[in-house]
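Asks: Provided herewith is a single structure, encoded as structure tokens, for subsequent inquiry.
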Amino acid sequence: MSKTFEASSVLIGTVIGAGILGIPYVIMKSGYLPGLIYLVGMAAIIIFMNLLIGEIILRTKKRHQLTGYAEKYLGKKGKTLMTLSFAVGIFSALIAYLIGEGASISHILFGSSSYEIHFAIAFWLIMSGLVFFEIRSLKKVMPVGVILVAVLIISLAVLYWNKIDVSNPSYINPQNLFFPFGVILFAFLGFSAMPEMERIVGKDKYLTKRVIIISYLVVLALYIVFATIVLGAKGLNVPQISTISLGKPFILLGMFTMFTAYLSLSIAFLDLIHTDYKKSKLSSWLIVALVPLIMYLILKITNSADFVSVLGIGGVISGGLNAILILYMSEKAKSQGDRKPEYKIPLPKFIKWFIIIVFIAGAVSQILIKLS
């Protein structure tokens, strides 16, 4: 297996998770053309951000998790903020996966969401065990997962292509133009996988740039195909967890993407706590395992477990804070790094401030949508 494919599969497998399932719904709310603009624009921004992370890693001799790089270049406050942003993003994702897996399994077995909480807890038990006992299974799972996701999305295109109604993707809803921002941002987040990707690349560091670009172009293509087919075939009947409307094979697709992403994110966050905060493996595992379950149960009890809202709010808080920190880390690494990188990414001030303004505006829009 080539290093490019193996490293790309880790990055793609981390990125593609619950977010892909919410994309058709949020694009349905805004209209296809605005949604397509969000997908392409967000992909460009996130590719740029990941290239900056790659350069930061390549400018640093010692290997860290991203919190370690934040501490090196931004101090202890930077490390704390990076940890907070990861915690919000990862826990939001894990909560969304519990919601999505519970609903998906319930629909497969009983045709409704009546038993979703029971299956969510069962899924949590299985995943918590895998994270604790098979912590190094990530490399084996991701390549298979990426291939299966691609095959199933191609199958979706073949099966539903002749059922597309061109009037479904053609409308625009001006009142919901900002609705997709949070979920689409969330769907592209994969910063936490960068140190693992770099570890796989190893001495062949020149592959870093190629892996990042290939990975995100593949993700973008899969998202566009998936959203186009689902929206074209289902129109305004797309549910928040879109695969539920497509039949059992595609519910299984959604379940598998959430399975691989749950495993990847849990491992990444466990390693972060264990490596950068010197916590024991047991303590790290308890934090990673229990916090999302407790938050999920609270949201269910208060009837607030909204799949799209969890993704949207988690995306803008985690993604926005991550992006701002990465921009400032990049500036510091360019002057304070201790090795020559294999590539350099220019960071003009107008690009830095443009990205910051985009993320702040996106966060404000998502909060206003939630309050309305």
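As shown in the structure tokens, the chain order sets the letters A, B, ...; within each chain, residues go from 1, and ligands are also counted from 1 in the order they appear.
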With region 67-86 of chain A as the partner and 12 Å as the cut-off, tabulate the residues of region 336-363 of chain A that qualify, each row holding the nearest pair of atoms and their distance in Å to one decimal, using only C-alpha atoms, sorted by chain and rising number, as a tab-separated table.

Replies:
residue	atom	partner	partner_atom	distance
A:Gln336	CA	A:Tyr73	CA	7.7
A:Gly337	CA	A:Tyr73	CA	8.6
A:Asp338	CA	A:Lys72	CA	11.1

Asks: Could you pull the residues within 9 Å of region 43-48 of chain A, counting only C-alpha atoms, minus those fewer than 2 positions along the same chain, as a VMD selection string?

Replies: chain A and resid 38 to 41 50 to 53 185 188 to 191 212 to 213 216 to 217 219 to 220 323 345 355

Asks: Neighbouring residues of region 3-7 of chain A were defined as those with any atom within 7 Å, considering only C-alpha atoms; residues of the same chain fewer than 3 positions away were excluded. Please report them as a list in words.

Replies: Val10, Leu11, Pro143, Met197, Ile200, Val201, Leu207 and Val211 of chain A

Asks: Any chance you can output those residues with all heavy atoms as a PDB file, in the first residue's frame?

Replies:
ATOM      1  N   VAL A  10      -6.463   8.120   5.759  1.00  0.00           N
ATOM      2  CA  VAL A  10      -6.643   8.571   7.139  1.00  0.00           C
ATOM      3  C   VAL A  10      -7.286   9.946   7.164  1.00  0.00           C
ATOM      4  O   VAL A  10      -8.235  10.203   7.923  1.00  0.00           O
ATOM      5  CB  VAL A  10      -5.289   8.593   7.884  1.00  0.00           C
ATOM      6  CG1 VAL A  10      -5.415   9.347   9.209  1.00  0.00           C
ATOM      7  CG2 VAL A  10      -4.818   7.170   8.150  1.00  0.00           C
ATOM      8  N   LEU A  11      -6.809  10.850   6.305  1.00  0.00           N
ATOM      9  CA  LEU A  11      -7.369  12.199   6.270  1.00  0.00           C
ATOM     10  C   LEU A  11      -8.809  12.183   5.756  1.00  0.00           C
ATOM     11  O   LEU A  11      -9.710  12.782   6.362  1.00  0.00           O
ATOM     12  CB  LEU A  11      -6.491  13.098   5.387  1.00  0.00           C
ATOM     13  CG  LEU A  11      -6.781  14.601   5.414  1.00  0.00           C
ATOM     14  CD1 LEU A  11      -6.832  15.138   6.838  1.00  0.00           C
ATOM     15  CD2 LEU A  11      -5.730  15.351   4.608  1.00  0.00           C
ATOM     16  N   PRO A 143      -8.446   2.739   5.137  1.00  0.00           N
ATOM     17  CA  PRO A 143      -8.438   2.497   3.692  1.00  0.00           C
ATOM     18  C   PRO A 143      -9.677   1.748   3.209  1.00  0.00           C
ATOM     19  O   PRO A 143     -10.256   2.086   2.179  1.00  0.00           O
ATOM     20  CB  PRO A 143      -7.164   1.657   3.494  1.00  0.00           C
ATOM     21  CG  PRO A 143      -6.281   2.026   4.646  1.00  0.00           C
ATOM     22  CD  PRO A 143      -7.222   2.251   5.791  1.00  0.00           C
ATOM     23  N   MET A 197      -1.466  11.743   9.838  1.00  0.00           N
ATOM     24  CA  MET A 197      -1.113  11.686   8.423  1.00  0.00           C
ATOM     25  C   MET A 197       0.380  11.897   8.232  1.00  0.00           C
ATOM     26  O   MET A 197       1.030  11.179   7.460  1.00  0.00           O
ATOM     27  CB  MET A 197      -1.919  12.740   7.658  1.00  0.00           C
ATOM     28  CG  MET A 197      -1.718  12.722   6.145  1.00  0.00           C
ATOM     29  SD  MET A 197      -0.341  13.766   5.593  1.00  0.00           S
ATOM     30  CE  MET A 197      -1.070  15.386   5.777  1.00  0.00           C
ATOM     31  N   ILE A 200       2.385   8.805   9.112  1.00  0.00           N
ATOM     32  CA  ILE A 200       2.360   7.784   8.069  1.00  0.00           C
ATOM     33  C   ILE A 200       3.304   8.157   6.931  1.00  0.00           C
ATOM     34  O   ILE A 200       4.040   7.314   6.403  1.00  0.00           O
ATOM     35  CB  ILE A 200       0.923   7.594   7.542  1.00  0.00           C
ATOM     36  CG1 ILE A 200       0.044   6.987   8.639  1.00  0.00           C
ATOM     37  CG2 ILE A 200       0.907   6.695   6.309  1.00  0.00           C
ATOM     38  CD1 ILE A 200      -1.427   6.971   8.308  1.00  0.00           C
ATOM     39  N   VAL A 201       3.317   9.425   6.557  1.00  0.00           N
ATOM     40  CA  VAL A 201       4.226   9.889   5.495  1.00  0.00           C
ATOM     41  C   VAL A 201       5.678   9.639   5.891  1.00  0.00           C
ATOM     42  O   VAL A 201       6.515   9.273   5.067  1.00  0.00           O
ATOM     43  CB  VAL A 201       3.979  11.389   5.210  1.00  0.00           C
ATOM     44  CG1 VAL A 201       5.093  11.955   4.341  1.00  0.00           C
ATOM     45  CG2 VAL A 201       2.634  11.586   4.527  1.00  0.00           C
ATOM     46  N   LEU A 207       5.587  14.350   0.339  1.00  0.00           N
ATOM     47  CA  LEU A 207       4.249  13.882  -0.020  1.00  0.00           C
ATOM     48  C   LEU A 207       3.139  14.674   0.679  1.00  0.00           C
ATOM     49  O   LEU A 207       1.971  14.574   0.282  1.00  0.00           O
ATOM     50  CB  LEU A 207       4.093  12.400   0.346  1.00  0.00           C
ATOM     51  CG  LEU A 207       4.947  11.392  -0.427  1.00  0.00           C
ATOM     52  CD1 LEU A 207       4.775  10.007   0.177  1.00  0.00           C
ATOM     53  CD2 LEU A 207       4.560  11.381  -1.902  1.00  0.00           C
ATOM     54  N   VAL A 211      -0.772  14.865  -0.544  1.00  0.00           N
ATOM     55  CA  VAL A 211      -1.796  14.132   0.203  1.00  0.00           C
ATOM     56  C   VAL A 211      -2.948  15.051   0.603  1.00  0.00           C
ATOM     57  O   VAL A 211      -4.126  14.691   0.472  1.00  0.00           O
ATOM     58  CB  VAL A 211      -1.179  13.465   1.453  1.00  0.00           C
ATOM     59  CG1 VAL A 211      -2.269  12.962   2.396  1.00  0.00           C
ATOM     60  CG2 VAL A 211      -0.264  12.323   1.049  1.00  0.00           C
TER      61      VAL A 211
END

Asks: Nearest to Leu263 (chain A) among A:Asp306, A:Ala363, A:Val288, A:Gln65, with distances taken over only C-alpha atoms: which residue is it?

Replies: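 Looking only at the distances to Leu263 (chain A), the closest residue turns out to be A:Val288.
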
Asks: If we count only C-alpha atoms and set the cut-off at 9 Å, which residues sit around Lys352 (chain A), ignoring sequence neighbours fewer than 4 positions away in its own chain? Please answer as JSON, numbers by chain.

Replies: {"A": [324, 327, 328, 347, 348, 356, 357]}

Asks: Closest to Gly54 (chain A) among A:Lys234, A:Lys370, A:Lys300, A:Lys205, using only C-alpha atoms?

Replies: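 The answer is A:Lys205, which sits nearest to Gly54 (chain A).
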
Asks: Contacts of Ser92 (chain A) at 7 Å or less, counting only C-alpha atoms, minus same-chain residues fewer than 4 places along, as a compact mmCIF listing (two decimals) with N, CA, C and O atoms, in the first residue's frame?

Replies:
# COMPACT_ATOMS: atom_id res chain seq x y z
N VAL A 88 -14.61 20.95 21.65
CA VAL A 88 -15.94 21.32 21.14
C VAL A 88 -16.22 20.58 19.83
O VAL A 88 -17.30 19.99 19.65
N ALA A 96 -23.15 13.89 17.55
CA ALA A 96 -23.90 13.75 16.29
C ALA A 96 -23.86 12.30 15.81
O ALA A 96 -24.87 11.80 15.29
N VAL A 310 -26.44 20.35 16.15
CA VAL A 310 -25.20 19.91 16.79
C VAL A 310 -24.03 20.08 15.84
O VAL A 310 -22.97 20.58 16.22
N LEU A 311 -24.22 19.67 14.57
CA LEU A 311 -23.14 19.81 13.58
C LEU A 311 -22.82 21.28 13.32
O LEU A 311 -21.65 21.67 13.25
N GLY A 314 -21.27 23.11 16.49
CA GLY A 314 -19.93 22.55 16.69
C GLY A 314 -18.97 22.98 15.61
O GLY A 314 -17.80 23.28 15.87

Asks: Would you compute the distance between CA of Ile37 (chain A) and CA of Ile224 (chain A)? Give it in Å to one decimal.

Replies: 10.5 Å

Asks: Which residues, written as a ChimeraX atom specification, have at least one atom at most 9 Å from Leu98 (chain A), with only C-alpha atoms counted and residues fewer than 5 positions away on the same chain left out?

Replies: /A:93,103,116-117,119-121,123-124,258,292-293,296

Asks: Pick out the closest residue to Ile12 (chain A) from this set: A:Ile147, A:His64, A:Ile90, A:Ser113. Count only C-alpha atoms.

Replies: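 Among the listed residues, the smallest separation from Ile12 (chain A) belongs to A:Ile147.
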
Asks: What gap, in Å, lies between CA of Ser8 (chain A) and CA of Gly315 (chain A)?

Replies: 22.0 Å
